[in-house]
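So this one's entry14.txt, compact mmCIF, C-alpha atoms:
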# COMPACT_ATOMS: atom_id res chain seq x y z
CA MET A 1 -60.25 -4.24 145.31
CA GLN A 2 -61.02 -4.34 141.59
CA GLY A 3 -59.05 -1.82 139.52
CA LEU A 4 -55.50 -0.54 139.05
CA HIS A 5 -53.06 -0.33 141.97
CA ILE A 6 -49.67 1.36 141.53
CA VAL A 7 -47.41 1.25 144.60
CA GLY A 8 -44.05 2.96 145.12
CA VAL A 9 -43.14 3.28 141.44
CA SER A 10 -39.89 5.10 140.70
CA HIS A 11 -38.28 5.37 137.27
CA ALA A 12 -35.27 6.96 135.60
CA TYR A 13 -33.87 7.25 132.10
CA GLY A 14 -30.18 6.74 132.64
CA SER A 15 -29.17 9.17 135.38
CA THR A 16 -32.29 11.33 134.94
CA PRO A 17 -35.06 10.56 137.47
CA VAL A 18 -38.59 10.76 136.02
CA LEU A 19 -40.88 9.26 138.68
CA ASP A 20 -40.29 9.39 142.41
CA ASN A 21 -42.21 6.91 144.60
CA ILE A 22 -45.61 7.26 142.90
CA SER A 23 -48.59 5.40 144.41
CA LEU A 24 -52.21 5.54 143.31
CA THR A 25 -55.35 3.43 143.12
CA VAL A 26 -58.03 3.55 140.43
CA PRO A 27 -61.12 1.56 141.53
CA ALA A 28 -63.42 -0.02 138.93
CA GLY A 29 -65.90 2.53 137.60
CA GLU A 30 -63.74 5.52 138.57
CA LEU A 31 -61.70 7.89 136.39
CA VAL A 32 -58.49 9.24 137.91
CA CYS A 33 -56.63 11.98 136.08
CA LEU A 34 -52.89 12.67 136.18
CA LEU A 35 -52.58 16.45 135.74
CA GLY A 36 -49.28 18.19 135.21
CA PRO A 37 -46.99 19.93 132.70
CA SER A 38 -45.20 18.19 129.85
CA GLY A 39 -42.16 16.26 131.02
CA CYS A 40 -43.35 15.50 134.56
CA GLY A 41 -43.57 11.72 133.94
CA LYS A 42 -47.32 11.26 133.35
CA THR A 43 -47.01 9.26 130.13
CA THR A 44 -44.11 7.23 131.54
CA LEU A 45 -46.36 6.10 134.41
CA LEU A 46 -49.08 5.17 131.90
CA ARG A 47 -46.60 3.13 129.84
CA ILE A 48 -45.34 1.33 132.95
CA ALA A 49 -48.93 0.38 133.86
CA ALA A 50 -49.49 -0.89 130.32
CA GLY A 51 -46.26 -2.88 130.23
CA LEU A 52 -44.79 -0.78 127.42
CA GLU A 53 -42.04 0.45 129.77
CA ARG A 54 -40.21 -1.98 132.03
CA LEU A 55 -40.83 -1.39 135.74
CA GLN A 56 -37.70 -0.48 137.72
CA ALA A 57 -39.05 -0.13 141.26
CA GLY A 58 -42.42 -0.65 142.95
CA SER A 59 -45.33 -2.77 141.75
CA VAL A 60 -48.37 -2.67 139.48
CA THR A 61 -51.45 -4.73 140.34
CA ILE A 62 -54.64 -5.11 138.29
CA ASP A 63 -57.54 -6.46 140.33
CA GLU A 64 -55.85 -9.15 142.43
CA THR A 65 -53.03 -9.92 139.97
CA VAL A 66 -49.53 -8.44 140.25
CA VAL A 67 -48.65 -7.66 136.64
CA ALA A 68 -45.27 -6.01 137.32
CA ASP A 69 -42.69 -5.96 140.08
CA PRO A 70 -38.88 -5.97 140.05
CA LYS A 71 -38.85 -9.76 139.60
CA SER A 72 -41.52 -10.29 136.94
CA GLN A 73 -43.25 -8.42 134.12
CA LEU A 74 -46.48 -9.63 132.53
CA PRO A 75 -46.56 -8.82 128.77
CA PRO A 76 -48.93 -6.01 127.71
CA GLU A 77 -51.24 -8.37 125.81
CA ASP A 78 -51.82 -10.42 128.96
CA ARG A 79 -52.74 -7.51 131.24
CA ARG A 80 -56.23 -6.87 129.83
CA ILE A 81 -55.54 -3.17 129.43
CA GLY A 82 -57.06 -0.85 126.83
CA TYR A 83 -54.59 1.85 125.79
CA MET A 84 -55.65 4.94 123.85
CA PHE A 85 -52.67 6.81 122.42
CA GLN A 86 -52.46 10.58 122.01
CA ASP A 87 -52.45 10.32 118.20
CA PHE A 88 -54.99 7.43 118.31
CA ALA A 89 -52.49 5.13 116.48
CA LEU A 90 -55.11 3.63 114.16
CA PHE A 91 -53.76 1.29 111.48
CA PRO A 92 -54.09 3.22 108.19
CA HIS A 93 -54.29 0.09 106.01
CA LEU A 94 -57.17 -1.42 108.01
CA SER A 95 -60.84 -0.49 107.92
CA VAL A 96 -62.57 0.91 110.99
CA LEU A 97 -64.06 -2.51 111.70
CA ASP A 98 -60.71 -4.27 111.32
CA ASN A 99 -59.05 -1.71 113.61
CA VAL A 100 -61.56 -2.50 116.36
CA THR A 101 -61.31 -6.29 115.90
CA PHE A 102 -57.49 -6.14 116.03
CA GLY A 103 -57.38 -6.75 119.77
CA LEU A 104 -59.96 -9.54 119.65
CA PHE A 105 -57.58 -12.18 118.31
CA ARG A 106 -58.56 -14.65 121.04
CA ARG A 107 -62.15 -14.79 119.71
CA ASN A 108 -63.34 -16.47 116.55
CA LYS A 109 -64.04 -14.25 113.56
CA ALA A 110 -67.82 -14.11 114.00
CA ALA A 111 -67.62 -13.31 117.73
CA ALA A 112 -64.92 -10.67 117.13
CA ARG A 113 -67.04 -8.97 114.46
CA GLU A 114 -70.12 -9.02 116.69
CA ARG A 115 -68.23 -7.44 119.58
CA ALA A 116 -66.61 -4.84 117.32
CA MET A 117 -69.95 -3.81 115.83
CA GLU A 118 -71.40 -3.58 119.33
CA MET A 119 -68.65 -1.16 120.37
CA LEU A 120 -68.94 0.86 117.17
CA GLY A 121 -72.63 1.18 117.91
CA GLN A 122 -71.84 2.42 121.41
CA VAL A 123 -69.67 5.23 120.01
CA GLY A 124 -71.96 5.99 117.06
CA MET A 125 -69.62 4.77 114.31
CA VAL A 126 -71.45 1.73 112.81
CA ARG A 127 -72.11 3.41 109.46
CA HIS A 128 -68.38 4.12 109.09
CA ALA A 129 -67.31 0.51 109.71
CA ASP A 130 -65.98 -0.04 106.16
CA LYS A 131 -64.10 3.27 105.91
CA HIS A 132 -60.38 3.74 106.50
CA PRO A 133 -58.97 6.13 109.14
CA HIS A 134 -57.89 8.80 106.62
CA MET A 135 -61.54 9.18 105.58
CA LEU A 136 -62.60 10.17 109.12
CA SER A 137 -62.51 13.45 111.03
CA GLY A 138 -60.39 13.79 114.17
CA GLY A 139 -63.43 13.27 116.38
CA GLN A 140 -64.45 10.15 114.48
CA GLN A 141 -60.94 8.72 114.75
CA GLN A 142 -61.06 9.35 118.50
CA ARG A 143 -64.30 7.38 118.77
CA VAL A 144 -62.83 4.47 116.81
CA ALA A 145 -59.74 4.48 119.05
CA LEU A 146 -61.99 4.37 122.12
CA ALA A 147 -64.03 1.50 120.65
CA ARG A 148 -60.81 -0.42 119.92
CA ALA A 149 -59.54 0.14 123.48
CA LEU A 150 -62.80 -1.08 125.04
CA ALA A 151 -63.61 -3.96 122.64
CA PRO A 152 -61.53 -6.64 124.46
CA GLU A 153 -63.41 -5.80 127.71
CA PRO A 154 -60.31 -4.57 129.55
CA ARG A 155 -60.07 -4.32 133.31
CA VAL A 156 -58.26 -0.98 133.00
CA VAL A 157 -58.30 1.74 130.34
CA LEU A 158 -55.36 4.13 129.94
CA LEU A 159 -55.92 7.44 128.09
CA ASP A 160 -52.91 9.51 127.00
CA GLU A 161 -53.98 13.11 126.22
CA PRO A 162 -56.97 11.71 124.27
CA PHE A 163 -58.51 15.05 123.25
CA SER A 164 -55.44 17.20 122.59
CA GLY A 165 -55.71 16.97 118.78
CA LEU A 166 -59.34 18.11 118.59
CA ASP A 167 -60.65 21.63 118.08
CA THR A 168 -62.44 23.39 120.94
CA ASP A 169 -66.05 22.62 120.00
CA MET A 170 -65.37 19.01 119.10
CA ARG A 171 -63.23 18.47 122.21
CA ALA A 172 -66.08 19.45 124.52
CA ARG A 173 -68.55 17.16 122.77
CA ILE A 174 -66.24 14.16 122.39
CA ARG A 175 -64.97 14.17 125.97
CA GLU A 176 -68.57 14.16 127.25
CA GLU A 177 -69.39 11.21 124.98
CA THR A 178 -66.20 9.42 126.05
CA LEU A 179 -66.97 9.90 129.75
CA SER A 180 -70.48 8.51 129.22
CA VAL A 181 -69.16 5.38 127.49
CA LEU A 182 -66.50 4.78 130.16
CA LYS A 183 -69.06 5.09 132.97
CA GLN A 184 -71.37 2.62 131.21
CA THR A 185 -68.60 0.01 131.04
CA ASN A 186 -67.67 0.47 134.74
CA VAL A 187 -63.99 0.17 133.87
CA ALA A 188 -61.11 1.65 135.91
CA THR A 189 -59.68 4.54 133.88
CA LEU A 190 -56.40 6.41 134.29
CA MET A 191 -56.11 9.50 132.09
CA VAL A 192 -53.19 11.84 131.44
CA THR A 193 -53.66 15.52 130.59
CA HIS A 194 -51.98 18.91 130.99
CA ASP A 195 -55.34 20.70 130.62
CA PRO A 196 -56.80 21.57 134.05
CA GLU A 197 -60.29 22.21 132.63
CA GLU A 198 -60.27 18.76 131.05
CA ALA A 199 -59.18 17.19 134.33
CA MET A 200 -61.92 19.02 136.24
CA PHE A 201 -64.56 17.85 133.74
CA MET A 202 -63.51 14.21 133.39
CA ALA A 203 -62.07 13.12 136.72
CA ASP A 204 -63.58 11.65 139.85
CA ARG A 205 -60.19 12.31 141.44
CA ILE A 206 -57.16 14.29 140.29
CA LYS A 207 -53.49 13.58 140.99
CA VAL A 208 -51.39 16.70 140.42
CA MET A 209 -47.84 15.86 139.38
CA GLY A 210 -44.90 18.22 139.67
CA GLU A 211 -41.79 18.55 137.57
CA ASN A 212 -39.94 16.49 140.20
CA GLY A 213 -41.95 13.38 139.27
CA ARG A 214 -43.93 13.39 142.51
CA VAL A 215 -47.63 13.66 143.30
CA LEU A 216 -48.07 17.10 144.90
CA GLN A 217 -51.77 16.86 145.70
CA SER A 218 -54.56 14.34 145.32
CA GLY A 219 -58.28 14.84 145.74
CA ARG A 220 -61.67 15.56 144.22
CA PRO A 221 -61.70 18.30 141.56
CA ALA A 222 -63.38 20.80 143.91
CA ASP A 223 -60.75 20.16 146.61
CA ILE A 224 -57.88 20.71 144.18
CA TYR A 225 -59.42 23.91 142.80
CA TYR A 226 -60.59 25.55 146.01
CA LYS A 227 -57.88 24.21 148.33
CA PRO A 228 -54.62 24.02 146.32
CA ALA A 229 -51.84 22.66 148.51
CA ASN A 230 -49.17 25.06 147.25
CA GLU A 231 -48.47 27.85 144.79
CA TYR A 232 -47.50 25.41 142.02
CA VAL A 233 -50.87 23.65 142.17
CA ALA A 234 -52.79 26.93 142.34
CA ARG A 235 -51.05 28.31 139.24
CA LEU A 236 -51.89 25.20 137.19
CA PHE A 237 -55.45 26.47 136.86
CA GLY A 238 -54.59 29.68 135.04
CA PRO A 239 -53.16 33.17 135.55
CA MET A 240 -53.04 34.62 139.05
CA ASN A 241 -52.88 38.08 140.57
CA MET A 242 -50.12 38.32 143.17
CA ILE A 243 -49.56 40.36 146.32
CA ASP A 244 -46.34 39.94 148.32
CA GLY A 245 -46.02 41.25 151.83
CA ILE A 246 -44.79 40.83 155.42
CA VAL A 247 -47.09 39.54 158.16
CA ASP A 248 -47.72 42.08 160.92
CA GLN A 249 -49.79 41.13 163.97
CA GLY A 250 -51.23 38.14 162.13
CA GLU A 251 -52.38 40.21 159.17
CA LEU A 252 -51.27 41.25 155.71
CA LYS A 253 -52.24 44.75 154.62
CA SER A 254 -53.42 45.35 151.05
CA SER A 255 -55.38 47.94 149.10
CA PHE A 256 -58.26 45.45 149.06
CA GLY A 257 -58.37 45.40 152.85
CA VAL A 258 -56.61 43.54 155.64
CA MET A 259 -56.14 39.82 154.96
CA ALA A 260 -55.77 37.24 157.70
CA ALA A 261 -52.35 35.56 157.46
CA LYS A 262 -53.14 31.96 158.35
CA ASP A 263 -50.37 29.77 159.78
CA ALA A 264 -47.83 32.59 159.44
CA ALA A 265 -45.83 34.31 162.16
CA ASP A 266 -45.13 38.02 162.41
CA GLY A 267 -42.27 38.94 160.11
CA ASP A 268 -42.90 36.06 157.67
CA ALA A 269 -42.82 36.90 153.97
CA VAL A 270 -46.02 35.60 152.37
CA ARG A 271 -47.51 35.60 148.88
CA VAL A 272 -51.22 36.01 148.27
CA LEU A 273 -52.61 34.71 144.96
CA ILE A 274 -56.00 35.88 143.70
CA ARG A 275 -57.71 34.28 140.70
CA PRO A 276 -59.05 36.71 138.05
CA GLU A 277 -62.57 35.56 138.92
CA GLY A 278 -61.78 36.32 142.58
CA LEU A 279 -61.85 40.07 141.97
CA ILE A 280 -65.20 41.85 141.75
CA LEU A 281 -65.74 45.20 140.04
CA SER A 282 -68.56 47.59 140.93
CA ASN A 283 -69.67 51.18 140.43
CA GLY A 284 -70.38 53.46 143.34
CA ASP A 285 -68.71 54.91 146.37
CA GLY A 286 -67.05 51.77 147.75
CA ARG A 287 -69.42 51.29 150.65
CA ASP A 288 -69.40 47.52 150.01
CA GLY A 289 -65.61 47.47 150.50
CA GLY A 290 -62.67 47.44 148.13
CA THR A 291 -60.46 50.05 146.56
CA PRO A 292 -60.88 52.56 143.70
CA VAL A 293 -59.22 51.52 140.44
CA ASP A 294 -58.51 52.86 136.95
CA ILE A 295 -59.49 50.58 134.06
CA LEU A 296 -56.62 50.05 131.61
CA SER A 297 -58.11 47.60 129.09
CA ALA A 298 -60.95 45.16 128.50
CA HIS A 299 -61.04 42.21 126.10
CA LEU A 300 -64.18 40.23 125.28
CA LEU A 301 -63.46 36.47 125.30
CA GLY A 302 -66.94 35.34 124.30
CA ASP A 303 -68.94 34.47 127.38
CA SER A 304 -66.64 36.57 129.60
CA SER A 305 -64.26 39.51 129.53
CA MET A 306 -60.74 39.96 130.88
CA VAL A 307 -60.33 43.44 132.37
CA ARG A 308 -57.01 44.93 133.48
CA PHE A 309 -56.97 47.70 136.06
CA GLN A 310 -54.55 49.75 138.19
CA VAL A 311 -55.02 50.36 141.89
CA ARG A 312 -55.35 54.05 142.80
CA GLU A 313 -54.77 54.03 146.56
CA GLY A 314 -53.22 52.19 149.48
CA VAL A 315 -50.40 49.68 149.86
CA ASN A 316 -50.74 48.39 146.29
CA ARG A 317 -51.13 51.77 144.63
CA GLY A 318 -49.96 51.70 140.99
CA GLU A 319 -49.97 47.89 140.76
CA GLU A 320 -51.90 46.21 137.95
CA PHE A 321 -54.38 43.34 138.33
CA GLN A 322 -56.67 41.43 136.01
CA VAL A 323 -60.26 40.36 136.61
CA ARG A 324 -62.54 38.02 134.68
CA ILE A 325 -66.20 39.06 134.52
CA PRO A 326 -69.06 36.95 133.06
CA SER A 327 -70.12 39.53 130.44
CA ALA A 328 -68.91 42.31 128.18
CA PHE A 329 -67.32 45.33 129.90
CA ASP A 330 -68.26 48.80 128.71
CA LEU A 331 -65.14 50.99 128.71
CA THR A 332 -67.27 54.10 128.19
CA GLU A 333 -69.22 53.57 131.42
CA LYS A 334 -69.06 56.62 133.66
CA GLY A 335 -68.35 56.77 137.36
CA GLN A 336 -65.71 55.45 139.72
CA ILE A 337 -64.96 51.72 139.54
CA TRP A 338 -64.12 49.82 142.73
CA ALA A 339 -62.52 46.40 143.14
CA ARG A 340 -62.87 43.96 146.02
CA VAL A 341 -61.92 40.32 146.54
CA ASP A 342 -63.93 37.10 146.85
CA PRO A 343 -62.17 35.14 149.64
CA ARG A 344 -63.01 31.79 147.98
CA HIS A 345 -60.43 32.56 145.28
CA VAL A 346 -57.68 33.93 147.54
CA PHE A 347 -54.76 31.70 148.53
CA GLN A 348 -51.78 32.40 150.75
CA TYR A 349 -48.39 30.66 150.72
CA PRO A 350 -44.91 31.32 152.11
CA GLN A 351 -42.69 33.18 149.65
CA GLU A 352 -40.16 30.84 148.08
Could I get this structure in the form of structure tokens?
Amino acid sequence: MQGLHIVGVSHAYGSTPVLDNISLTVPAGELVCLLGPSGCGKTTLLRIAAGLERLQAGSVTIDETVVADPKSQLPPEDRRIGYMFQDFALFPHLSVLDNVTFGLFRRNKAAARERAMEMLGQVGMVRHADKHPHMLSGGQQQRVALARALAPEPRVVLLDEPFSGLDTDMRARIREETLSVLKQTNVATLMVTHDPEEAMFMADRIKVMGENGRVLQSGRPADIYYKPANEYVARLFGPMNMIDGIVDQGELKSSFGVMAAKDAADGDAVRVLIRPEGLILSNGDGRDGGTPVDILSAHLLGDSSMVRFQVREGVNRGEEFQVRIPSAFDLTEKGQIWARVDPRHVFQYPQE
């Protein structure tokens, strides 16, 4: 199969293990994202694939060629990999055009220039070809770095936190442009990020890495979001409301109603996590289910609001929860407020 194949890779710095038996495949035309917190080994795996870090165990194959195993290591320049660093790593003394032609040393000068201008055209940077990196904005530098990575027509592209240095508005625009360019080239792409929203937007498949250097869950973005394998994966996607309890007759009682305790025996201690968007507020008498609550605060976040409330009755009386609603919340609104749960955003795990 065309693309990147990493099999059984383990790595340590001295006596400190960083990667533990990692395997993944990135087919041509697909973008796979490594999602996890800082220090979990994401960048180390990228550097091993690129040949910038010597492989200790396992193998790395690109298309049908083994580029690294314990017995041999192909140099980075012979792997046909495009690497985009977190800080872009553009050469400050070279023009934009010369930065993009840097990796085209195997072509004659005319062919290298033609290819570089073609790539600059693809990322909308032709008119900046004679400028130097310090004369460009962060978004423009990112485009040049992408053009440089793709210019040698690599078989695999590796992206290390490519949008982390951009402001919010520019990040959204640039990552959409980057995804479009990558899909047009049909190249296998492995991207590293700690931003779950970015992973959801960019990836065909996500590999969630834990602090133990292992892959905890792999799947399509919707599978990872709606079916997190454990509490760690669920919490990666933002703050959670939490209810702890003991299973009784296959159920867990809460102020929001009785919840089915799946795969748990009577007497088991379980934890229920509810996303802020998994709670629904309404006025009225509670006929549609739920529990009466007292609103404590509301903060407008732009296109949504984060509301904090306290439960008035039942098992969770006095406990505080937060809910995200897709609008502004009027604190002066009269009448009793009720809260109920959307089961799509409720997850249950054994208590650690």
Report summary line: Across A:Ser72, A:Gln86, A:Gln351, A:Ser254, the smallest distance to Gly290 in chain A, with only C-alpha atoms counted, is shown by A:Ser254
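Using all atoms listed in the file, the nearest neighbour of Val293 in chain A within the list A:Asn108, A:Asn316, A:Ser305, A:Gln249 is A:Asn316.
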Report task. List the neighbours of Gly165 in chain A out to 12 Å using all atoms listed in the file; skip same-chain residues closer than 5 positions along the sequence, and give me the result as a PyMOL selection string. Result -> chain A and resi 85-88+137-142+160+170-171+174
Saved selection, atoms kept: C-alpha atoms, as a PDB file, in the frame of the given file:
ATOM      1  CA  PHE A  85     -52.670   6.810 122.420  1.00  0.00           C
ATOM      2  CA  GLN A  86     -52.460  10.580 122.010  1.00  0.00           C
ATOM      3  CA  ASP A  87     -52.450  10.320 118.200  1.00  0.00           C
ATOM      4  CA  PHE A  88     -54.990   7.430 118.310  1.00  0.00           C
ATOM      5  CA  SER A 137     -62.510  13.450 111.030  1.00  0.00           C
ATOM      6  CA  GLY A 138     -60.390  13.790 114.170  1.00  0.00           C
ATOM      7  CA  GLY A 139     -63.430  13.270 116.380  1.00  0.00           C
ATOM      8  CA  GLN A 140     -64.450  10.150 114.480  1.00  0.00           C
ATOM      9  CA  GLN A 141     -60.940   8.720 114.750  1.00  0.00           C
ATOM     10  CA  GLN A 142     -61.060   9.350 118.500  1.00  0.00           C
ATOM     11  CA  ASP A 160     -52.910   9.510 127.000  1.00  0.00           C
ATOM     12  CA  MET A 170     -65.370  19.010 119.100  1.00  0.00           C
ATOM     13  CA  ARG A 171     -63.230  18.470 122.210  1.00  0.00           C
ATOM     14  CA  ILE A 174     -66.240  14.160 122.390  1.00  0.00           C
TER      15      ILE A 174
END
Query raised in the report: Just how far from CA of Asp204 in chain A is CA of Ala234 in chain A, in Å to one decimal?
Result: 18.9 Å
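You will find CA of Gly3 in chain A at 20.4 Å from CA of Pro221 in chain A.
Considering the residues A:Val96, A:Gln217, A:Cys33, A:Leu158 and counting all atoms listed in the file, Arg143 in chain A has its shortest atom-to-atom contact with A:Val96.
Minimum distance to Pro239 in chain A across A:Ile224, A:Leu273, A:Leu97, A:Val208 (counting all atoms listed in the file) occurs at A:Leu273.
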Exercise: residues within 10 Å of coordinate (-57.6, 7.3, 105.9), counting only C-alpha atoms, as a compact mmCIF listing (two decimals) with C-alpha atoms, in the frame of the given file:
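Saved to out38.txt:
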# COMPACT_ATOMS: atom_id res chain seq x y z
CA LEU A 90 -55.11 3.63 114.16
CA PHE A 91 -53.76 1.29 111.48
CA PRO A 92 -54.09 3.22 108.19
CA HIS A 93 -54.29 0.09 106.01
CA LEU A 94 -57.17 -1.42 108.01
CA SER A 95 -60.84 -0.49 107.92
CA VAL A 96 -62.57 0.91 110.99
CA LYS A 131 -64.10 3.27 105.91
CA HIS A 132 -60.38 3.74 106.50
CA PRO A 133 -58.97 6.13 109.14
CA HIS A 134 -57.89 8.80 106.62
CA MET A 135 -61.54 9.18 105.58
CA LEU A 136 -62.60 10.17 109.12
CA SER A 137 -62.51 13.45 111.03
CA GLN A 141 -60.94 8.72 114.75
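We find CA of Met119 in chain A and CA of Thr178 in chain A to be spaced 12.3 Å apart.
Distances to Ala89 in chain A were evaluated for A:Val144, A:Arg214, A:Gly257, A:Gln56 using all atoms listed in the file, and the minimum falls at A:Val144.
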Report task. Return the single residue from A:Lys262, A:His5, A:Arg115, A:Lys183 that is closest to Gly250 in chain A, with distances computed using only C-alpha atoms. Result -> A:Lys262
Show me, as JSON, the centre and edge lengths in Å to one decimal of the axis-aligned box that covers every listed atom of range 315-326 of chain A with 8 Å on each side.
{"center_x": -59.5, "center_y": 44.4, "center_z": 141.5, "size_x": 35.1, "size_y": 30.8, "size_z": 32.8}
Rebuild range 198-206 of chain A to all heavy atoms - output it as a PDB file, in the frame of the given file, please.
ATOM      1  N   GLU A 198     -59.958  20.133 131.447  1.00  0.00           N
ATOM      2  CA  GLU A 198     -60.270  18.760 131.050  1.00  0.00           C
ATOM      3  C   GLU A 198     -60.253  17.831 132.261  1.00  0.00           C
ATOM      4  O   GLU A 198     -61.131  16.977 132.428  1.00  0.00           O
ATOM      5  CB  GLU A 198     -59.245  18.297 130.020  1.00  0.00           C
ATOM      6  CG  GLU A 198     -59.602  17.046 129.264  1.00  0.00           C
ATOM      7  CD  GLU A 198     -58.725  16.939 128.039  1.00  0.00           C
ATOM      8  OE1 GLU A 198     -59.091  17.547 127.006  1.00  0.00           O
ATOM      9  OE2 GLU A 198     -57.673  16.293 128.103  1.00  0.00           O
ATOM     10  N   ALA A 199     -59.272  18.008 133.120  1.00  0.00           N
ATOM     11  CA  ALA A 199     -59.180  17.190 134.330  1.00  0.00           C
ATOM     12  C   ALA A 199     -60.383  17.428 135.238  1.00  0.00           C
ATOM     13  O   ALA A 199     -60.968  16.480 135.788  1.00  0.00           O
ATOM     14  CB  ALA A 199     -57.888  17.502 135.080  1.00  0.00           C
ATOM     15  N   MET A 200     -60.777  18.687 135.403  1.00  0.00           N
ATOM     16  CA  MET A 200     -61.920  19.020 136.240  1.00  0.00           C
ATOM     17  C   MET A 200     -63.196  18.382 135.697  1.00  0.00           C
ATOM     18  O   MET A 200     -64.050  17.913 136.447  1.00  0.00           O
ATOM     19  CB  MET A 200     -62.094  20.542 136.320  1.00  0.00           C
ATOM     20  CG  MET A 200     -60.980  21.276 137.031  1.00  0.00           C
ATOM     21  SD  MET A 200     -61.068  21.130 138.821  1.00  0.00           S
ATOM     22  CE  MET A 200     -62.486  22.158 139.179  1.00  0.00           C
ATOM     23  N   PHE A 201     -63.351  18.378 134.374  1.00  0.00           N
ATOM     24  CA  PHE A 201     -64.560  17.850 133.740  1.00  0.00           C
ATOM     25  C   PHE A 201     -64.624  16.330 133.827  1.00  0.00           C
ATOM     26  O   PHE A 201     -65.667  15.752 134.139  1.00  0.00           O
ATOM     27  CB  PHE A 201     -64.610  18.280 132.269  1.00  0.00           C
ATOM     28  CG  PHE A 201     -65.840  17.810 131.540  1.00  0.00           C
ATOM     29  CD1 PHE A 201     -66.985  18.588 131.525  1.00  0.00           C
ATOM     30  CD2 PHE A 201     -65.863  16.595 130.884  1.00  0.00           C
ATOM     31  CE1 PHE A 201     -68.126  18.155 130.866  1.00  0.00           C
ATOM     32  CE2 PHE A 201     -66.989  16.144 130.227  1.00  0.00           C
ATOM     33  CZ  PHE A 201     -68.133  16.941 130.212  1.00  0.00           C
ATOM     34  N   MET A 202     -63.503  15.663 133.567  1.00  0.00           N
ATOM     35  CA  MET A 202     -63.510  14.210 133.390  1.00  0.00           C
ATOM     36  C   MET A 202     -63.350  13.435 134.692  1.00  0.00           C
ATOM     37  O   MET A 202     -63.918  12.351 134.850  1.00  0.00           O
ATOM     38  CB  MET A 202     -62.362  13.798 132.453  1.00  0.00           C
ATOM     39  CG  MET A 202     -62.487  14.299 131.027  1.00  0.00           C
ATOM     40  SD  MET A 202     -63.778  13.452 130.093  1.00  0.00           S
ATOM     41  CE  MET A 202     -63.057  11.802 129.911  1.00  0.00           C
ATOM     42  N   ALA A 203     -62.578  13.942 135.628  1.00  0.00           N
ATOM     43  CA  ALA A 203     -62.070  13.120 136.720  1.00  0.00           C
ATOM     44  C   ALA A 203     -63.006  13.007 137.915  1.00  0.00           C
ATOM     45  O   ALA A 203     -63.677  13.968 138.296  1.00  0.00           O
ATOM     46  CB  ALA A 203     -60.716  13.643 137.180  1.00  0.00           C
ATOM     47  N   ASP A 204     -63.023  11.812 138.516  1.00  0.00           N
ATOM     48  CA  ASP A 204     -63.580  11.650 139.850  1.00  0.00           C
ATOM     49  C   ASP A 204     -62.565  12.118 140.881  1.00  0.00           C
ATOM     50  O   ASP A 204     -62.924  12.697 141.906  1.00  0.00           O
ATOM     51  CB  ASP A 204     -63.922  10.173 140.097  1.00  0.00           C
ATOM     52  CG  ASP A 204     -65.013   9.666 139.175  1.00  0.00           C
ATOM     53  OD1 ASP A 204     -66.125  10.191 139.252  1.00  0.00           O
ATOM     54  OD2 ASP A 204     -64.742   8.760 138.362  1.00  0.00           O
ATOM     55  N   ARG A 205     -61.286  11.836 140.592  1.00  0.00           N
ATOM     56  CA  ARG A 205     -60.190  12.310 141.440  1.00  0.00           C
ATOM     57  C   ARG A 205     -59.042  12.759 140.549  1.00  0.00           C
ATOM     58  O   ARG A 205     -58.842  12.216 139.466  1.00  0.00           O
ATOM     59  CB  ARG A 205     -59.697  11.210 142.393  1.00  0.00           C
ATOM     60  CG  ARG A 205     -60.662  10.899 143.524  1.00  0.00           C
ATOM     61  CD  ARG A 205     -60.121   9.837 144.472  1.00  0.00           C
ATOM     62  NE  ARG A 205     -59.954   8.542 143.811  1.00  0.00           N
ATOM     63  CZ  ARG A 205     -58.794   7.931 143.685  1.00  0.00           C
ATOM     64  NH1 ARG A 205     -57.692   8.473 144.174  1.00  0.00           N
ATOM     65  NH2 ARG A 205     -58.726   6.754 143.086  1.00  0.00           N
ATOM     66  N   ILE A 206     -58.297  13.750 141.028  1.00  0.00           N
ATOM     67  CA  ILE A 206     -57.160  14.290 140.290  1.00  0.00           C
ATOM     68  C   ILE A 206     -55.884  14.073 141.093  1.00  0.00           C
ATOM     69  O   ILE A 206     -55.863  14.284 142.309  1.00  0.00           O
ATOM     70  CB  ILE A 206     -57.338  15.796 140.010  1.00  0.00           C
ATOM     71  CG1 ILE A 206     -58.545  16.036 139.098  1.00  0.00           C
ATOM     72  CG2 ILE A 206     -56.081  16.389 139.375  1.00  0.00           C
ATOM     73  CD1 ILE A 206     -58.879  17.507 138.911  1.00  0.00           C
TER      74      ILE A 206
END
